[in-house]
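J.: First the structure, which I've put down as structure tokens, then a few questions once you've had a look.
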Amino acid sequence: MKRFYSFAILLFILLNVYSQPALQQFIQNPALKHASIGVCVKDLTTGKTIVSHNEDKALTTASIMKLVTTATALELLGPNYKYTTTLALDAHDSSRLLLIGSGDPTLGTSAFKENPYSFLMDWTGALQTALSKTDNLKLYVVDNLFGYNGVSDEWTWIDMGNYYAAGAYGISVFDNSYRLFFDTTNRNSCPVILRTEPEIKGLTFINYLKLNTTGSDNGYIYGVPFSYERILRGNIPAGRTSFSIKGDIPDPGLMLGEILATELSKKGVNVVEIETAQQNYISQICQTNKTQSYGVGQVLHTHSSKPLTDILREVNVESNNHFAEHLIRTIGRNQNSDIYSDALEEGIKFVDKYWKQQNVPTSSLFLHDGCGLAPQNAASPEFFCDLLLHMQNKSGNSKEFYATLPVAGREGTLKSFMKNTKYEGKIRAKSGSISGVQCFAGYLIDGNKKYAFTIMINKFTGSRAAVRKSIEDFLVSL
């Protein structure tokens, strides 16, 4: 027994001795000059630290924060959880159709490579018979489950209005995003706006966009939720008959109501009024005794989303901000059903509480959204390693969580990462990048080598390509 312990101690010492030169070479890389660097590598079997550097320092996370959101959602809701959207008659008015949302981010999504309008075909088919004799139908869209503050207060102006910063609401559709098309063939003028897809009634643009000859898309759409005025800045490629950039839909609930009404009219069902729950919600914010403006009567159709595991995989493989923001609010509303409580804040509180209960210290965790877009988000490399260890060793959903992560060198945001190295296909991880930030966190499994790792780099001055290469070289050294 003594000999076994001596061997274990020797092995641990050797691992640390041989890993330190590689670590020093990594943190002294010229591309990382001036950067704040955090590293944590732990053995999955023993939980022992293999390599570490500033492992307890809270650093900006970017999208590796999605690991926290997806792990928490999986543990709380279970892998088979599905969102449901309900179409029902109002119990108090049979000429009023209710469209009741549960926060499903997948209605009309392009994420799953399916016809984005197929759900509308199903809905109108189910509704046609039931509503064929209804004259002057009124449509009431109940999109208030998460309230109407669909974005984090910590998101920046440069992000607001763009597709990757779309709001999250009780009703969302088409990923809450649209494409804005331009004609850029006249190199001596500003880009000419052609159309949006889908069409958004009343949306206007102040166009400050210019043209470039580099072929780069540097176009941005600025605007706040529920505002139909958008500002266009930056530059886009010249010489294109049809070039598009993406923005966020200002009022997804209203837009879905309008589209559903149009589809119903094709079936001979006339909708004379479309309203969302927003005005009623706002009018009661300061009232003590709040009342619901509808009653659920006969249910005509129920739409179910894909299971949660499919949604989580989309979040982690493709780094889908929109889905992640719905998840954190779903977590929050699951804990507090009062629609006047802040669903995002409720989700953040539960995340902190839950991981403390799992003995994963959260003192370094600063969480402001579900996707990692807020620059104020921060956590330590060790926090992520401990969360990854828990999900692998203690969670009943370990296999499901592992399967949500992209395979390095093969898919998603890791398709080119670790390509043509000895660990291609042997790492599953989440990447994270915003301006000056590059992070990776996940699992390295190669035979008897089984590690949880987190590498976080903030405020680097080298090129992102050089930073990624330095991270790859370090991982190869493990």
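Order determines the names: the first chain of the structure tokens is A, the second B, and so forth; residues in each chain are numbered 1 upward, and ligands are numbered 1 upward as they are shown.
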Which residues are close to A:Arg187, i.e. within 8 Å by only C-alpha atoms, leaving aside same-chain residues fewer than 5 positions away? Reply as a count of residues only.

T.: 3

J.: Determine, counting only C-alpha atoms, which protein, DNA and RNA residues have an atom within 10 Å of an atom of stretch 461-471 of chain A; residues of the same chain fewer than 4 positions away are not included. Present the result as a PDB file with C-alpha atoms, in the first residue's frame.

T.:
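Wrote it out as out-v8.pdb, contents follow:
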```pdb
ATOM      1  CA  GLN A  25       5.856  28.860 -22.809  1.00  0.00           C
ATOM      2  CA  PHE A  26       2.109  29.428 -23.225  1.00  0.00           C
ATOM      3  CA  ILE A  27       1.743  32.396 -20.898  1.00  0.00           C
ATOM      4  CA  GLN A  28       4.929  34.007 -22.267  1.00  0.00           C
ATOM      5  CA  ASN A  29       3.707  33.812 -25.868  1.00  0.00           C
ATOM      6  CA  PRO A  30       4.172  37.258 -27.527  1.00  0.00           C
ATOM      7  CA  ALA A  31       0.548  37.147 -28.729  1.00  0.00           C
ATOM      8  CA  LEU A  32      -0.529  37.189 -25.084  1.00  0.00           C
ATOM      9  CA  LYS A  33       1.589  40.116 -23.993  1.00  0.00           C
ATOM     10  CA  HIS A  34      -0.447  42.369 -21.673  1.00  0.00           C
ATOM     11  CA  ALA A  35      -3.213  39.737 -21.480  1.00  0.00           C
ATOM     12  CA  PHE A 417      -9.976  24.156 -33.598  1.00  0.00           C
ATOM     13  CA  MET A 418      -7.337  21.436 -32.973  1.00  0.00           C
ATOM     14  CA  SER A 433     -14.907  35.072 -27.995  1.00  0.00           C
ATOM     15  CA  SER A 435     -13.446  41.714 -28.427  1.00  0.00           C
ATOM     16  CA  GLY A 436     -10.128  40.992 -26.709  1.00  0.00           C
ATOM     17  CA  VAL A 437     -11.383  37.739 -25.190  1.00  0.00           C
ATOM     18  CA  GLN A 438     -10.750  34.116 -26.171  1.00  0.00           C
ATOM     19  CA  CYS A 439     -11.790  31.201 -23.966  1.00  0.00           C
ATOM     20  CA  PHE A 440     -12.223  27.436 -24.184  1.00  0.00           C
ATOM     21  CA  ILE A 455      -8.351  28.373 -20.676  1.00  0.00           C
ATOM     22  CA  MET A 456      -9.339  32.041 -20.456  1.00  0.00           C
ATOM     23  CA  ILE A 457      -7.524  34.954 -22.090  1.00  0.00           C
ATOM     24  CA  LEU A 475      -3.434  21.619 -25.166  1.00  0.00           C
ATOM     25  CA  VAL A 476      -1.270  19.417 -27.364  1.00  0.00           C
ATOM     26  CA  SER A 477       1.372  19.530 -24.629  1.00  0.00           C
TER      27      SER A 477
END
```

J.: Taking only C-alpha atoms into account, name the residue in A:Ser319, A:Thr421, A:Thr291, A:Asn377 that is nearest to A:Thr61.

T.: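 Result for the nearest residue to A:Thr61: A:Asn377.
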
J.: Step one, run DSSP on the backbone; step two, keep only residues of stretch 175-395 of chain A assigned to strand (DSSP E or B); then write them as JSON, numbers by chain.

T.: {"A": [177, 178, 179, 180, 181, 182, 183, 192, 193, 194, 195, 196, 197, 204, 205, 206, 207, 210, 211, 212, 218, 219, 220, 221, 222, 229, 230, 231, 232, 233, 234, 235, 236, 237, 243, 244, 245, 246, 247, 248, 271, 272, 273, 274, 275, 276, 296, 297, 298, 299, 300, 301, 302, 303, 304, 366, 378, 379]}

J.: Applying 12 Å and only C-alpha atoms, which residues near A:Met65 remain after dropping the ones on its own chain fewer than 2 positions away? List them as a VMD selection string.

T.: chain A and resid 59 to 63 67 to 72 315 to 316 319 to 321 324 to 325 328 348 351 365 to 381 383 to 384 387 429 to 433 439 to 442 454 456

J.: Looking only at helix (DSSP H, G or I) from DSSP on the backbone, list the matching residues of stretch 286-409 of chain A as an mmCIF file with N, CA and C atoms, in the first residue's frame.

T.:
```
data_model
loop_
_atom_site.group_PDB
_atom_site.id
_atom_site.type_symbol
_atom_site.label_atom_id
_atom_site.label_comp_id
_atom_site.auth_asym_id
_atom_site.auth_seq_id
_atom_site.Cartn_x
_atom_site.Cartn_y
_atom_site.Cartn_z
ATOM 1 N N LEU A 308 -35.367 19.203 -25.011
ATOM 2 C CA LEU A 308 -34.361 20.139 -24.504
ATOM 3 C C LEU A 308 -32.959 19.793 -24.983
ATOM 4 N N THR A 309 -32.627 18.521 -25.078
ATOM 5 C CA THR A 309 -31.267 18.144 -25.485
ATOM 6 C C THR A 309 -30.923 18.694 -26.867
ATOM 7 N N ASP A 310 -31.898 18.742 -27.777
ATOM 8 C CA ASP A 310 -31.645 19.304 -29.098
ATOM 9 C C ASP A 310 -31.378 20.807 -29.007
ATOM 10 N N ILE A 311 -32.114 21.466 -28.135
ATOM 11 C CA ILE A 311 -31.940 22.909 -27.951
ATOM 12 C C ILE A 311 -30.586 23.203 -27.316
ATOM 13 N N LEU A 312 -30.204 22.411 -26.320
ATOM 14 C CA LEU A 312 -28.913 22.615 -25.656
ATOM 15 C C LEU A 312 -27.753 22.379 -26.611
ATOM 16 N N ARG A 313 -27.888 21.375 -27.459
ATOM 17 C CA ARG A 313 -26.809 21.094 -28.413
ATOM 18 C C ARG A 313 -26.659 22.261 -29.391
ATOM 19 N N GLU A 314 -27.759 22.838 -29.834
ATOM 20 C CA GLU A 314 -27.688 24.011 -30.702
ATOM 21 C C GLU A 314 -26.980 25.167 -29.989
ATOM 22 N N VAL A 315 -27.276 25.352 -28.705
ATOM 23 C CA VAL A 315 -26.633 26.428 -27.940
ATOM 24 C C VAL A 315 -25.127 26.229 -27.889
ATOM 25 N N ASN A 316 -24.688 25.022 -27.558
ATOM 26 C CA ASN A 316 -23.263 24.793 -27.344
ATOM 27 C C ASN A 316 -22.473 24.563 -28.628
ATOM 28 N N VAL A 317 -23.078 23.916 -29.614
ATOM 29 C CA VAL A 317 -22.353 23.643 -30.861
ATOM 30 C C VAL A 317 -22.253 24.901 -31.717
ATOM 31 N N GLU A 318 -23.367 25.633 -31.850
ATOM 32 C CA GLU A 318 -23.389 26.804 -32.717
ATOM 33 C C GLU A 318 -23.307 28.114 -31.942
ATOM 34 N N ASN A 321 -26.954 32.465 -29.068
ATOM 35 C CA ASN A 321 -27.308 33.397 -27.987
ATOM 36 C C ASN A 321 -28.808 33.410 -27.721
ATOM 37 N N HIS A 322 -29.578 33.413 -28.791
ATOM 38 C CA HIS A 322 -31.036 33.539 -28.686
ATOM 39 C C HIS A 322 -31.631 32.404 -27.859
ATOM 40 N N PHE A 323 -31.230 31.180 -28.154
ATOM 41 C CA PHE A 323 -31.728 30.034 -27.391
ATOM 42 C C PHE A 323 -31.277 30.124 -25.931
ATOM 43 N N ALA A 324 -30.024 30.526 -25.709
ATOM 44 C CA ALA A 324 -29.496 30.604 -24.349
ATOM 45 C C ALA A 324 -30.261 31.612 -23.508
ATOM 46 N N GLU A 325 -30.635 32.742 -24.107
ATOM 47 C CA GLU A 325 -31.378 33.758 -23.352
ATOM 48 C C GLU A 325 -32.777 33.274 -22.970
ATOM 49 N N HIS A 326 -33.392 32.468 -23.805
ATOM 50 C CA HIS A 326 -34.677 31.876 -23.439
ATOM 51 C C HIS A 326 -34.504 30.863 -22.306
ATOM 52 N N LEU A 327 -33.404 30.118 -22.347
ATOM 53 C CA LEU A 327 -33.176 29.105 -21.314
ATOM 54 C C LEU A 327 -33.023 29.728 -19.930
ATOM 55 N N ILE A 328 -32.223 30.805 -19.827
ATOM 56 C CA ILE A 328 -32.006 31.399 -18.503
ATOM 57 C C ILE A 328 -33.307 31.972 -17.960
ATOM 58 N N ARG A 329 -34.151 32.499 -18.833
ATOM 59 C CA ARG A 329 -35.444 33.027 -18.390
ATOM 60 C C ARG A 329 -36.433 31.895 -18.078
ATOM 61 N N THR A 330 -36.326 30.807 -18.798
ATOM 62 C CA THR A 330 -37.163 29.639 -18.481
ATOM 63 C C THR A 330 -36.815 29.108 -17.101
ATOM 64 N N ILE A 331 -35.532 29.060 -16.802
ATOM 65 C CA ILE A 331 -35.085 28.659 -15.466
ATOM 66 C C ILE A 331 -35.686 29.581 -14.417
ATOM 67 N N GLY A 332 -35.625 30.881 -14.683
ATOM 68 C CA GLY A 332 -36.141 31.853 -13.723
ATOM 69 C C GLY A 332 -37.639 31.755 -13.521
ATOM 70 N N ARG A 333 -38.374 31.623 -14.615
ATOM 71 C CA ARG A 333 -39.832 31.547 -14.484
ATOM 72 C C ARG A 333 -40.256 30.231 -13.843
ATOM 73 N N ASN A 334 -39.474 29.192 -14.016
ATOM 74 C CA ASN A 334 -39.734 27.921 -13.347
ATOM 75 C C ASN A 334 -39.668 28.084 -11.834
ATOM 76 N N GLN A 335 -38.827 29.010 -11.379
ATOM 77 C CA GLN A 335 -38.664 29.227 -9.945
ATOM 78 C C GLN A 335 -39.666 30.222 -9.384
ATOM 79 N N ALA A 343 -37.672 37.626 -15.038
ATOM 80 C CA ALA A 343 -37.320 36.225 -15.320
ATOM 81 C C ALA A 343 -35.814 36.028 -15.412
ATOM 82 N N LEU A 344 -35.109 37.012 -15.972
ATOM 83 C CA LEU A 344 -33.651 36.903 -16.075
ATOM 84 C C LEU A 344 -33.022 36.919 -14.694
ATOM 85 N N GLU A 345 -33.422 37.856 -13.852
ATOM 86 C CA GLU A 345 -32.858 37.926 -12.506
ATOM 87 C C GLU A 345 -33.188 36.673 -11.695
ATOM 88 N N GLU A 346 -34.392 36.159 -11.869
ATOM 89 C CA GLU A 346 -34.775 34.930 -11.160
ATOM 90 C C GLU A 346 -33.902 33.763 -11.614
ATOM 91 N N GLY A 347 -33.606 33.716 -12.919
ATOM 92 C CA GLY A 347 -32.729 32.665 -13.429
ATOM 93 C C GLY A 347 -31.323 32.775 -12.891
ATOM 94 N N ILE A 348 -30.803 34.002 -12.837
ATOM 95 C CA ILE A 348 -29.461 34.231 -12.315
ATOM 96 C C ILE A 348 -29.375 33.817 -10.843
ATOM 97 N N LYS A 349 -30.389 34.164 -10.066
ATOM 98 C CA LYS A 349 -30.401 33.799 -8.646
ATOM 99 C C LYS A 349 -30.399 32.289 -8.474
ATOM 100 N N PHE A 350 -31.194 31.589 -9.310
ATOM 101 C CA PHE A 350 -31.247 30.133 -9.176
ATOM 102 C C PHE A 350 -29.928 29.488 -9.555
ATOM 103 N N VAL A 351 -29.285 29.990 -10.589
ATOM 104 C CA VAL A 351 -27.987 29.434 -10.998
ATOM 105 C C VAL A 351 -27.005 29.484 -9.836
ATOM 106 N N ASP A 352 -26.906 30.634 -9.203
ATOM 107 C CA ASP A 352 -25.985 30.783 -8.073
ATOM 108 C C ASP A 352 -26.358 29.840 -6.937
ATOM 109 N N LYS A 353 -27.637 29.790 -6.608
ATOM 110 C CA LYS A 353 -28.114 28.930 -5.520
ATOM 111 C C LYS A 353 -27.864 27.454 -5.830
ATOM 112 N N TYR A 354 -28.182 27.054 -7.051
ATOM 113 C CA TYR A 354 -28.073 25.639 -7.402
ATOM 114 C C TYR A 354 -26.639 25.136 -7.321
ATOM 115 N N TRP A 355 -25.694 25.893 -7.879
ATOM 116 C CA TRP A 355 -24.323 25.388 -7.901
ATOM 117 C C TRP A 355 -23.665 25.438 -6.526
ATOM 118 N N LYS A 356 -24.093 26.357 -5.700
ATOM 119 C CA LYS A 356 -23.638 26.323 -4.309
ATOM 120 C C LYS A 356 -24.106 25.039 -3.631
ATOM 121 N N GLN A 357 -25.349 24.655 -3.897
ATOM 122 C CA GLN A 357 -25.896 23.427 -3.312
ATOM 123 C C GLN A 357 -25.149 22.196 -3.796
ATOM 124 N N PRO A 381 -11.441 30.213 -14.028
ATOM 125 C CA PRO A 381 -11.223 28.934 -14.700
ATOM 126 C C PRO A 381 -11.563 27.743 -13.794
ATOM 127 N N GLU A 382 -11.264 27.864 -12.506
ATOM 128 C CA GLU A 382 -11.543 26.754 -11.598
ATOM 129 C C GLU A 382 -13.050 26.523 -11.446
ATOM 130 N N PHE A 383 -13.838 27.600 -11.463
ATOM 131 C CA PHE A 383 -15.292 27.428 -11.401
ATOM 132 C C PHE A 383 -15.769 26.559 -12.556
ATOM 133 N N PHE A 384 -15.298 26.857 -13.766
ATOM 134 C CA PHE A 384 -15.729 26.067 -14.919
ATOM 135 C C PHE A 384 -15.242 24.623 -14.816
ATOM 136 N N CYS A 385 -14.003 24.430 -14.368
ATOM 137 C CA CYS A 385 -13.502 23.066 -14.209
ATOM 138 C C CYS A 385 -14.348 22.284 -13.200
ATOM 139 N N ASP A 386 -14.711 22.923 -12.097
ATOM 140 C CA ASP A 386 -15.511 22.241 -11.077
ATOM 141 C C ASP A 386 -16.916 21.927 -11.597
ATOM 142 N N LEU A 387 -17.490 22.840 -12.374
ATOM 143 C CA LEU A 387 -18.796 22.571 -12.968
ATOM 144 C C LEU A 387 -18.704 21.398 -13.943
ATOM 145 N N LEU A 388 -17.664 21.384 -14.762
ATOM 146 C CA LEU A 388 -17.473 20.291 -15.715
ATOM 147 C C LEU A 388 -17.259 18.962 -15.007
ATOM 148 N N LEU A 389 -16.490 18.983 -13.910
ATOM 149 C CA LEU A 389 -16.295 17.764 -13.119
ATOM 150 C C LEU A 389 -17.615 17.262 -12.561
ATOM 151 N N HIS A 390 -18.432 18.178 -12.043
ATOM 152 C CA HIS A 390 -19.724 17.782 -11.486
ATOM 153 C C HIS A 390 -20.597 17.145 -12.566
ATOM 154 N N MET A 391 -20.665 17.778 -13.732
ATOM 155 C CA MET A 391 -21.537 17.255 -14.786
ATOM 156 C C MET A 391 -21.059 15.893 -15.288
ATOM 157 N N GLN A 392 -19.775 15.637 -15.222
ATOM 158 C CA GLN A 392 -19.254 14.348 -15.677
ATOM 159 C C GLN A 392 -19.391 13.259 -14.624
ATOM 160 N N ASN A 393 -19.164 13.604 -13.364
ATOM 161 C CA ASN A 393 -19.048 12.589 -12.319
ATOM 162 C C ASN A 393 -20.256 12.462 -11.403
ATOM 163 N N SER A 398 -25.075 13.206 -17.259
ATOM 164 C CA SER A 398 -23.705 13.408 -17.730
ATOM 165 C C SER A 398 -23.557 13.100 -19.217
ATOM 166 N N LYS A 399 -24.143 11.995 -19.669
ATOM 167 C CA LYS A 399 -24.022 11.632 -21.084
ATOM 168 C C LYS A 399 -24.705 12.654 -21.974
ATOM 169 N N GLU A 400 -25.876 13.113 -21.536
ATOM 170 C CA GLU A 400 -26.618 14.087 -22.327
ATOM 171 C C GLU A 400 -25.854 15.417 -22.417
ATOM 172 N N PHE A 401 -25.255 15.843 -21.307
ATOM 173 C CA PHE A 401 -24.507 17.101 -21.314
ATOM 174 C C PHE A 401 -23.280 16.987 -22.205
ATOM 175 N N TYR A 402 -22.545 15.906 -22.067
ATOM 176 C CA TYR A 402 -21.342 15.699 -22.876
ATOM 177 C C TYR A 402 -21.676 15.749 -24.364
ATOM 178 N N ALA A 403 -22.824 15.175 -24.724
ATOM 179 C CA ALA A 403 -23.226 15.113 -26.134
ATOM 180 C C ALA A 403 -23.631 16.469 -26.695
#
```

J.: Excluding same-chain residues fewer than 5 positions from A:Tyr294, what lies within 10 Å of it counting only C-alpha atoms, as a PyMOL selection string?

T.: chain A and resi 89-93+96+98+140+142+277

J.: So the first atom is atom CA of A:Thr302 and the second is atom CA of A:Thr84; what is the distance between them in Å, to one decimal place?

T.: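 Between atom CA of A:Thr302 and atom CA of A:Thr84 the gap is 6.5 Å.
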